[in-house]
Amino acid sequence: WPIAVYLFLAGISGGAVAVAICVNLFRGVHLNTPIMKAASLIGFITIVLGMICLVLDLTNPLFFWRILVYYNPTSVMSIGVMALLFYIPLVFVLMCVALQQEITSVSWLKWLDPIISFFAKFRVALDWIVLILAIAICAYTGFLISALIRFPLINTAVLPALFVASGFSAGCAAIRLFAICFGAKREDSSMHILHVAEYPIILVEAMCIFMIAVSLITGTEVAKIAFTAFTTGVWAWVF
């Protein structure tokens with residue numbers, strides 16, 4: 001179960017950050033809007049919690065540092081670890097830049113103002129790099145799970161696209177839920193963009209699920225059995 005929780009949290013993190021940056025890029029700005037503040041905070045907290053779940057699931061959690069030292073370029077997991085190694089600190093920097101006003105308003109944190117201002121000079125590059133890494137984080141888990149050839153339900157090339165779409169969907173929901181804490185209002189233009197964007201994102205999700213279903217129905221005998229398991233029996237209505 002810790003892996004399932006990690007997948008959920010990583011999807012929210014990558015999706016929320018990517019959506020917020022895309023909204024800024026769509027508007028042609030790089031501002032610390034309530035949406036960006038909420039997304040960067042959500043993105044950092046959820047990915048850290050996800051990493052805790054991931055480490056605790058290891059056979060030897062205290063030796064987690066080994067995956068940060070030894071890499072296999074042909075392994076999807078190694079590539080994902082490399083992406084996370086850059087994503088986590090950069091999301092933290094983006095969060096500090098987005099929340100600069102809130103952070104420096106605390107008396108004992110005022111000394112951070114010049115440091116955050118320095119990183120703010122590279123805001124455009126920071127946004128683009130974090131956007132690419134956020135999408136990669138959403139997709140990499142899909143690639144990782146789709147490599148499990150014993151499970152025809154998830155052993156499909158469509159899964160990474162579904163993970164990206166579902167991450168964006170969950171990210172939109174998380175932002176809309178917490179942006180009000182930073183002064184966002186339902187009638188704001190950015191909130192309206194998010195609301196409009198949710199519909200095509202959900203449509204893409206539905207298309208991905210439809211493609212997976214078709215691939216199972218028209219696939220091997222094992223794939224057909226997997227499809228039957230999700231459409232008949234006691235648990236069919238849940239799925």
# chains A, B, ... in the order shown; residues from 1 in each chain; ligands from 1
>>> closest_atom_pairs(of="segment 95-160 of chain A", to="segment 10-22 of chain A", cutoff="12 Å", atoms="only C-alpha atoms", output="JSON lines")
{"residue": "A:Met95", "atom": "CA", "partner": "A:Val17", "partner_atom": "CA", "distance": 9.8}
{"residue": "A:Ala98", "atom": "CA", "partner": "A:Ala20", "partner_atom": "CA", "distance": 11.3}
{"residue": "A:Arg123", "atom": "CA", "partner": "A:Ile21", "partner_atom": "CA", "distance": 11.0}
{"residue": "A:Val124", "atom": "CA", "partner": "A:Ile21", "partner_atom": "CA", "distance": 10.1}
{"residue": "A:Ala125", "atom": "CA", "partner": "A:Ile21", "partner_atom": "CA", "distance": 11.6}
{"residue": "A:Leu126", "atom": "CA", "partner": "A:Ile21", "partner_atom": "CA", "distance": 10.2}
{"residue": "A:Asp127", "atom": "CA", "partner": "A:Ile21", "partner_atom": "CA", "distance": 6.5}
{"residue": "A:Trp128", "atom": "CA", "partner": "A:Ile21", "partner_atom": "CA", "distance": 8.1}
{"residue": "A:Ile129", "atom": "CA", "partner": "A:Ala18", "partner_atom": "CA", "distance": 10.4}
{"residue": "A:Val130", "atom": "CA", "partner": "A:Ala18", "partner_atom": "CA", "distance": 7.7}
{"residue": "A:Leu131", "atom": "CA", "partner": "A:Ala18", "partner_atom": "CA", "distance": 5.1}
{"residue": "A:Ile132", "atom": "CA", "partner": "A:Ala18", "partner_atom": "CA", "distance": 8.0}
{"residue": "A:Leu133", "atom": "CA", "partner": "A:Gly14", "partner_atom": "CA", "distance": 7.9}
{"residue": "A:Ala134", "atom": "CA", "partner": "A:Gly14", "partner_atom": "CA", "distance": 4.2}
{"residue": "A:Ile135", "atom": "CA", "partner": "A:Gly14", "partner_atom": "CA", "distance": 6.1}
{"residue": "A:Ala136", "atom": "CA", "partner": "A:Gly14", "partner_atom": "CA", "distance": 8.1}
{"residue": "A:Ile137", "atom": "CA", "partner": "A:Gly14", "partner_atom": "CA", "distance": 6.1}
{"residue": "A:Cys138", "atom": "CA", "partner": "A:Gly11", "partner_atom": "CA", "distance": 5.4}
{"residue": "A:Ala139", "atom": "CA", "partner": "A:Gly11", "partner_atom": "CA", "distance": 8.8}
{"residue": "A:Tyr140", "atom": "CA", "partner": "A:Ala10", "partner_atom": "CA", "distance": 10.2}
{"residue": "A:Thr141", "atom": "CA", "partner": "A:Ala10", "partner_atom": "CA", "distance": 8.6}
{"residue": "A:Gly142", "atom": "CA", "partner": "A:Gly11", "partner_atom": "CA", "distance": 10.1}
{"residue": "A:Pro160", "atom": "CA", "partner": "A:Gly11", "partner_atom": "CA", "distance": 11.2}
>>> write_last_selection(atoms="N, CA and C atoms", output="short mmCIF file (atom, residue, chain, number, x, y, z; two decimals), in the first residue's frame")
data_model
loop_
_atom_site.label_atom_id
_atom_site.label_comp_id
_atom_site.auth_asym_id
_atom_site.auth_seq_id
_atom_site.Cartn_x
_atom_site.Cartn_y
_atom_site.Cartn_z
N MET A 95 8.91 26.83 -4.56
CA MET A 95 8.00 27.13 -3.47
C MET A 95 8.47 28.36 -2.68
N ALA A 98 7.87 31.44 -4.83
CA ALA A 98 6.44 31.77 -4.90
C ALA A 98 5.91 32.32 -3.59
N ARG A 123 13.72 32.87 -12.60
CA ARG A 123 12.35 32.35 -12.53
C ARG A 123 11.90 31.69 -13.83
N VAL A 124 12.19 32.30 -14.97
CA VAL A 124 11.73 31.74 -16.25
C VAL A 124 12.34 30.36 -16.49
N ALA A 125 13.66 30.26 -16.32
CA ALA A 125 14.33 28.97 -16.51
C ALA A 125 13.85 27.96 -15.47
N LEU A 126 13.65 28.43 -14.24
CA LEU A 126 13.18 27.55 -13.16
C LEU A 126 11.82 26.97 -13.50
N ASP A 127 10.91 27.80 -14.00
CA ASP A 127 9.57 27.34 -14.36
C ASP A 127 9.62 26.27 -15.43
N TRP A 128 10.41 26.49 -16.47
CA TRP A 128 10.49 25.55 -17.58
C TRP A 128 11.11 24.21 -17.16
N ILE A 129 12.18 24.27 -16.37
CA ILE A 129 12.85 23.04 -15.93
C ILE A 129 11.93 22.24 -15.02
N VAL A 130 11.29 22.92 -14.07
CA VAL A 130 10.38 22.22 -13.14
C VAL A 130 9.18 21.65 -13.89
N LEU A 131 8.69 22.37 -14.91
CA LEU A 131 7.56 21.87 -15.71
C LEU A 131 7.92 20.55 -16.38
N ILE A 132 9.09 20.51 -17.00
CA ILE A 132 9.54 19.28 -17.68
C ILE A 132 9.70 18.14 -16.68
N LEU A 133 10.31 18.43 -15.53
CA LEU A 133 10.52 17.40 -14.51
C LEU A 133 9.19 16.94 -13.91
N ALA A 134 8.24 17.86 -13.72
CA ALA A 134 6.93 17.51 -13.16
C ALA A 134 6.20 16.53 -14.06
N ILE A 135 6.22 16.80 -15.36
CA ILE A 135 5.58 15.88 -16.32
C ILE A 135 6.30 14.54 -16.32
N ALA A 136 7.64 14.59 -16.22
CA ALA A 136 8.43 13.36 -16.19
C ALA A 136 8.10 12.52 -14.96
N ILE A 137 7.89 13.18 -13.81
CA ILE A 137 7.55 12.47 -12.57
C ILE A 137 6.21 11.76 -12.73
N CYS A 138 5.24 12.44 -13.34
CA CYS A 138 3.92 11.81 -13.57
C CYS A 138 4.04 10.61 -14.50
N ALA A 139 4.83 10.77 -15.56
CA ALA A 139 4.92 9.72 -16.58
C ALA A 139 5.79 8.55 -16.15
N TYR A 140 6.85 8.83 -15.40
CA TYR A 140 7.82 7.77 -15.09
C TYR A 140 7.20 6.64 -14.28
N THR A 141 6.29 6.97 -13.36
CA THR A 141 5.63 5.92 -12.59
C THR A 141 4.78 5.03 -13.50
N GLY A 142 4.20 5.64 -14.53
CA GLY A 142 3.44 4.87 -15.51
C GLY A 142 4.34 3.92 -16.28
N PRO A 160 1.52 5.39 -19.13
CA PRO A 160 2.17 6.67 -18.82
C PRO A 160 1.30 7.88 -19.17
#
>>> residues_around(residues="Ile103 of chain A", least_positions_apart="2", cutoff="12 Å", atoms="only C-alpha atoms", output="short mmCIF file (atom, residue, chain, number, x, y, z; two decimals) with N, CA and C atoms, in the first residue's frame")
data_model
loop_
_atom_site.label_atom_id
_atom_site.label_comp_id
_atom_site.auth_asym_id
_atom_site.auth_seq_id
_atom_site.Cartn_x
_atom_site.Cartn_y
_atom_site.Cartn_z
N LYS A 37 1.24 29.73 -5.72
CA LYS A 37 1.61 29.54 -4.31
C LYS A 37 1.06 28.21 -3.79
N MET A 95 8.91 26.83 -4.56
CA MET A 95 8.00 27.13 -3.47
C MET A 95 8.47 28.36 -2.68
N CYS A 96 9.76 28.43 -2.41
CA CYS A 96 10.32 29.57 -1.67
C CYS A 96 10.16 30.87 -2.47
N VAL A 97 10.38 30.79 -3.78
CA VAL A 97 10.23 31.98 -4.63
C VAL A 97 8.77 32.42 -4.67
N ALA A 98 7.87 31.44 -4.83
CA ALA A 98 6.44 31.77 -4.90
C ALA A 98 5.91 32.32 -3.59
N LEU A 99 6.45 31.82 -2.48
CA LEU A 99 5.97 32.23 -1.15
C LEU A 99 6.94 33.21 -0.48
N GLN A 100 7.72 33.92 -1.28
CA GLN A 100 8.72 34.84 -0.73
C GLN A 100 8.11 35.86 0.23
N GLN A 101 7.00 36.44 -0.17
CA GLN A 101 6.36 37.45 0.67
C GLN A 101 5.92 36.86 2.01
N SER A 105 7.89 37.61 5.69
CA SER A 105 7.06 38.35 6.64
C SER A 105 7.25 37.84 8.07
N VAL A 106 7.83 36.63 8.18
CA VAL A 106 8.15 36.07 9.50
C VAL A 106 9.49 36.65 9.94
N SER A 107 9.52 37.24 11.09
CA SER A 107 10.70 37.99 11.56
C SER A 107 11.98 37.16 11.55
N TRP A 108 11.93 35.92 12.02
CA TRP A 108 13.16 35.12 12.11
C TRP A 108 13.55 34.45 10.78
N LEU A 109 12.77 34.74 9.70
CA LEU A 109 13.12 34.21 8.39
C LEU A 109 13.49 35.31 7.38
N LYS A 110 13.60 36.53 7.87
CA LYS A 110 13.92 37.66 6.98
C LYS A 110 15.29 37.50 6.31
N TRP A 111 16.19 36.79 6.96
CA TRP A 111 17.53 36.60 6.39
C TRP A 111 17.50 35.80 5.08
N LEU A 112 16.39 35.12 4.81
CA LEU A 112 16.26 34.34 3.57
C LEU A 112 15.92 35.21 2.36
N ASP A 113 15.52 36.46 2.60
CA ASP A 113 15.07 37.33 1.52
C ASP A 113 16.10 37.49 0.40
N PRO A 114 17.36 37.83 0.67
CA PRO A 114 18.34 37.96 -0.43
C PRO A 114 18.60 36.65 -1.17
N ILE A 115 18.53 35.53 -0.44
CA ILE A 115 18.77 34.23 -1.08
C ILE A 115 17.63 33.91 -2.05
N ILE A 116 16.39 34.12 -1.60
CA ILE A 116 15.23 33.85 -2.44
C ILE A 116 15.20 34.81 -3.63
N SER A 117 15.58 36.08 -3.38
CA SER A 117 15.62 37.08 -4.46
C SER A 117 16.62 36.68 -5.53
#
>>> closest_atom_pairs(of="segment 123-164 of chain A", to="segment 213-216 of chain A", cutoff="12 Å", atoms="only C-alpha atoms", output="JSON lines")
{"residue": "A:Phe151", "atom": "CA", "partner": "A:Leu216", "partner_atom": "CA", "distance": 11.1}
{"residue": "A:Pro152", "atom": "CA", "partner": "A:Leu216", "partner_atom": "CA", "distance": 7.5}
{"residue": "A:Leu153", "atom": "CA", "partner": "A:Leu216", "partner_atom": "CA", "distance": 7.1}
{"residue": "A:Ile154", "atom": "CA", "partner": "A:Leu216", "partner_atom": "CA", "distance": 9.9}
{"residue": "A:Asn155", "atom": "CA", "partner": "A:Leu216", "partner_atom": "CA", "distance": 10.1}
{"residue": "A:Thr156", "atom": "CA", "partner": "A:Ser215", "partner_atom": "CA", "distance": 8.3}
{"residue": "A:Ala157", "atom": "CA", "partner": "A:Ser215", "partner_atom": "CA", "distance": 10.4}
{"residue": "A:Val158", "atom": "CA", "partner": "A:Ser215", "partner_atom": "CA", "distance": 9.7}
{"residue": "A:Leu159", "atom": "CA", "partner": "A:Ala213", "partner_atom": "CA", "distance": 11.6}
>>> write_last_selection(atoms="N, CA, C and O atoms", output="short mmCIF file (atom, residue, chain, number, x, y, z; two decimals), in the first residue's frame")
data_model
loop_
_atom_site.label_atom_id
_atom_site.label_comp_id
_atom_site.auth_asym_id
_atom_site.auth_seq_id
_atom_site.Cartn_x
_atom_site.Cartn_y
_atom_site.Cartn_z
N PHE A 151 1.20 -8.59 -15.44
CA PHE A 151 -0.14 -8.02 -15.24
C PHE A 151 -0.61 -7.32 -16.51
O PHE A 151 -0.22 -6.18 -16.77
N PRO A 152 -1.40 -8.00 -17.33
CA PRO A 152 -1.82 -7.43 -18.63
C PRO A 152 -2.63 -6.15 -18.50
O PRO A 152 -2.63 -5.34 -19.41
N LEU A 153 -3.29 -5.95 -17.36
CA LEU A 153 -4.11 -4.75 -17.18
C LEU A 153 -3.25 -3.49 -17.22
O LEU A 153 -3.67 -2.45 -17.75
N ILE A 154 -2.04 -3.56 -16.67
CA ILE A 154 -1.17 -2.38 -16.61
C ILE A 154 0.04 -2.49 -17.54
O ILE A 154 0.78 -1.53 -17.68
N ASN A 155 0.22 -3.65 -18.16
CA ASN A 155 1.34 -3.83 -19.09
C ASN A 155 0.96 -3.27 -20.46
O ASN A 155 0.77 -4.00 -21.43
N THR A 156 0.83 -1.93 -20.51
CA THR A 156 0.41 -1.26 -21.74
C THR A 156 1.12 0.07 -21.87
O THR A 156 1.39 0.74 -20.86
N ALA A 157 1.41 0.48 -23.11
CA ALA A 157 2.10 1.73 -23.36
C ALA A 157 1.22 2.95 -23.10
O ALA A 157 1.71 4.08 -23.04
N VAL A 158 -0.09 2.72 -22.93
CA VAL A 158 -1.02 3.83 -22.69
C VAL A 158 -0.92 4.33 -21.24
O VAL A 158 -1.28 5.47 -20.94
N LEU A 159 -0.41 3.47 -20.34
CA LEU A 159 -0.41 3.80 -18.92
C LEU A 159 0.32 5.11 -18.57
O LEU A 159 -0.20 5.90 -17.78
#
>>> atom_distance(atom1="atom CA of Ser40 of chain A", atom2="atom CA of Ala179 of chain A")
10.7 Å
>>> closest_residue(among="A:Cys172, A:Ser78, A:Ile201, A:Cys181", to="Phe143 of chain A", atoms="only C-alpha atoms")
A:Ser78
>>> atom_distance(atom1="atom CA of Ala170 of chain A", atom2="atom CA of Phe44 of chain A")
15.0 Å
>>> select_by_dssp(residues="segment 10-233 of chain A", states="helix (DSSP H, G or I)", output="PyMOL selection string")
chain A and resi 10-27+34-56+61-68+76-98+100-104+107-120+123-146+159-182+189-217+221-231
>>> closest_residue(among="A:Ile79, A:Gly28, A:Leu7, A:Trp65", to="Ile47 of chain A", atoms="only C-alpha atoms")
A:Leu7
>>> atom_distance(atom1="atom CA of Leu144 of chain A", atom2="atom CA of Leu62 of chain A")
22.9 Å
>>> residues_around(residues="Ala165 of chain A", least_positions_apart="4", cutoff="7 Å", atoms="only C-alpha atoms", output="list of chain:residue names")
A:Ala161, A:Ser169, A:Ile201, A:Val204, A:Glu205
>>> residues_around(residues="Ile180 of chain A", least_positions_apart="4", cutoff="9 Å", atoms="only C-alpha atoms", output="VMD selection string")
chain A and resid 34 to 35 38 175 to 176 184 to 186
>>> write_last_selection(atoms="all heavy atoms", output="PDB file, in the first residue's frame")
ATOM      1  N   PRO A  34      -2.001  33.210  -6.490  1.00  0.00           N
ATOM      2  CA  PRO A  34      -2.478  32.258  -5.476  1.00  0.00           C
ATOM      3  C   PRO A  34      -2.402  30.812  -5.959  1.00  0.00           C
ATOM      4  O   PRO A  34      -2.111  29.902  -5.169  1.00  0.00           O
ATOM      5  CB  PRO A  34      -3.930  32.699  -5.251  1.00  0.00           C
ATOM      6  CG  PRO A  34      -3.918  34.162  -5.538  1.00  0.00           C
ATOM      7  CD  PRO A  34      -2.952  34.320  -6.679  1.00  0.00           C
ATOM      8  N   ILE A  35      -2.642  30.607  -7.247  1.00  0.00           N
ATOM      9  CA  ILE A  35      -2.572  29.254  -7.814  1.00  0.00           C
ATOM     10  C   ILE A  35      -1.144  28.722  -7.748  1.00  0.00           C
ATOM     11  O   ILE A  35      -0.910  27.571  -7.371  1.00  0.00           O
ATOM     12  CB  ILE A  35      -3.095  29.257  -9.263  1.00  0.00           C
ATOM     13  CG1 ILE A  35      -4.620  29.316  -9.262  1.00  0.00           C
ATOM     14  CG2 ILE A  35      -2.618  28.024 -10.026  1.00  0.00           C
ATOM     15  CD1 ILE A  35      -5.227  29.358 -10.636  1.00  0.00           C
ATOM     16  N   ALA A  38      -0.213  27.961  -4.067  1.00  0.00           N
ATOM     17  CA  ALA A  38      -0.839  26.721  -3.605  1.00  0.00           C
ATOM     18  C   ALA A  38      -0.193  25.504  -4.250  1.00  0.00           C
ATOM     19  O   ALA A  38       0.107  24.509  -3.576  1.00  0.00           O
ATOM     20  CB  ALA A  38      -2.335  26.755  -3.911  1.00  0.00           C
ATOM     21  N   ILE A 175      -5.281  22.190  -6.390  1.00  0.00           N
ATOM     22  CA  ILE A 175      -5.061  23.637  -6.474  1.00  0.00           C
ATOM     23  C   ILE A 175      -6.349  24.388  -6.168  1.00  0.00           C
ATOM     24  O   ILE A 175      -6.359  25.344  -5.388  1.00  0.00           O
ATOM     25  CB  ILE A 175      -4.543  24.037  -7.869  1.00  0.00           C
ATOM     26  CG1 ILE A 175      -3.137  23.484  -8.097  1.00  0.00           C
ATOM     27  CG2 ILE A 175      -4.520  25.562  -8.022  1.00  0.00           C
ATOM     28  CD1 ILE A 175      -2.630  23.668  -9.514  1.00  0.00           C
ATOM     29  N   ARG A 176      -7.440  23.977  -6.796  1.00  0.00           N
ATOM     30  CA  ARG A 176      -8.725  24.663  -6.597  1.00  0.00           C
ATOM     31  C   ARG A 176      -9.171  24.563  -5.136  1.00  0.00           C
ATOM     32  O   ARG A 176      -9.860  25.440  -4.624  1.00  0.00           O
ATOM     33  CB  ARG A 176      -9.784  24.072  -7.523  1.00  0.00           C
ATOM     34  CG  ARG A 176      -9.623  24.525  -8.976  1.00  0.00           C
ATOM     35  CD  ARG A 176     -10.495  23.723  -9.923  1.00  0.00           C
ATOM     36  NE  ARG A 176     -11.897  23.816  -9.586  1.00  0.00           N
ATOM     37  CZ  ARG A 176     -12.703  24.821  -9.927  1.00  0.00           C
ATOM     38  NH1 ARG A 176     -12.209  25.861 -10.587  1.00  0.00           N
ATOM     39  NH2 ARG A 176     -13.983  24.820  -9.611  1.00  0.00           N
ATOM     40  N   ALA A 184      -7.287  33.407  -3.408  1.00  0.00           N
ATOM     41  CA  ALA A 184      -7.929  33.197  -4.712  1.00  0.00           C
ATOM     42  C   ALA A 184      -9.448  33.199  -4.558  1.00  0.00           C
ATOM     43  O   ALA A 184      -9.982  32.773  -3.531  1.00  0.00           O
ATOM     44  CB  ALA A 184      -7.472  31.876  -5.326  1.00  0.00           C
ATOM     45  N   LYS A 185     -10.128  33.682  -5.590  1.00  0.00           N
ATOM     46  CA  LYS A 185     -11.585  33.698  -5.607  1.00  0.00           C
ATOM     47  C   LYS A 185     -12.087  32.911  -6.809  1.00  0.00           C
ATOM     48  O   LYS A 185     -11.397  32.803  -7.824  1.00  0.00           O
ATOM     49  CB  LYS A 185     -12.099  35.137  -5.663  1.00  0.00           C
ATOM     50  CG  LYS A 185     -11.704  35.963  -4.446  1.00  0.00           C
ATOM     51  CD  LYS A 185     -12.231  37.383  -4.551  1.00  0.00           C
ATOM     52  CE  LYS A 185     -11.821  38.198  -3.322  1.00  0.00           C
ATOM     53  NZ  LYS A 185     -12.293  39.600  -3.417  1.00  0.00           N
ATOM     54  N   ARG A 186     -13.270  32.376  -6.686  1.00  0.00           N
ATOM     55  CA  ARG A 186     -13.822  31.518  -7.744  1.00  0.00           C
ATOM     56  C   ARG A 186     -13.941  32.245  -9.077  1.00  0.00           C
ATOM     57  O   ARG A 186     -13.847  31.642 -10.133  1.00  0.00           O
ATOM     58  CB  ARG A 186     -15.181  30.972  -7.322  1.00  0.00           C
ATOM     59  CG  ARG A 186     -15.109  29.993  -6.162  1.00  0.00           C
ATOM     60  CD  ARG A 186     -16.469  29.420  -5.833  1.00  0.00           C
ATOM     61  NE  ARG A 186     -16.995  28.629  -6.925  1.00  0.00           N
ATOM     62  CZ  ARG A 186     -18.199  28.052  -6.927  1.00  0.00           C
ATOM     63  NH1 ARG A 186     -18.988  28.196  -5.877  1.00  0.00           N
ATOM     64  NH2 ARG A 186     -18.604  27.353  -7.958  1.00  0.00           N
TER      65      ARG A 186
END
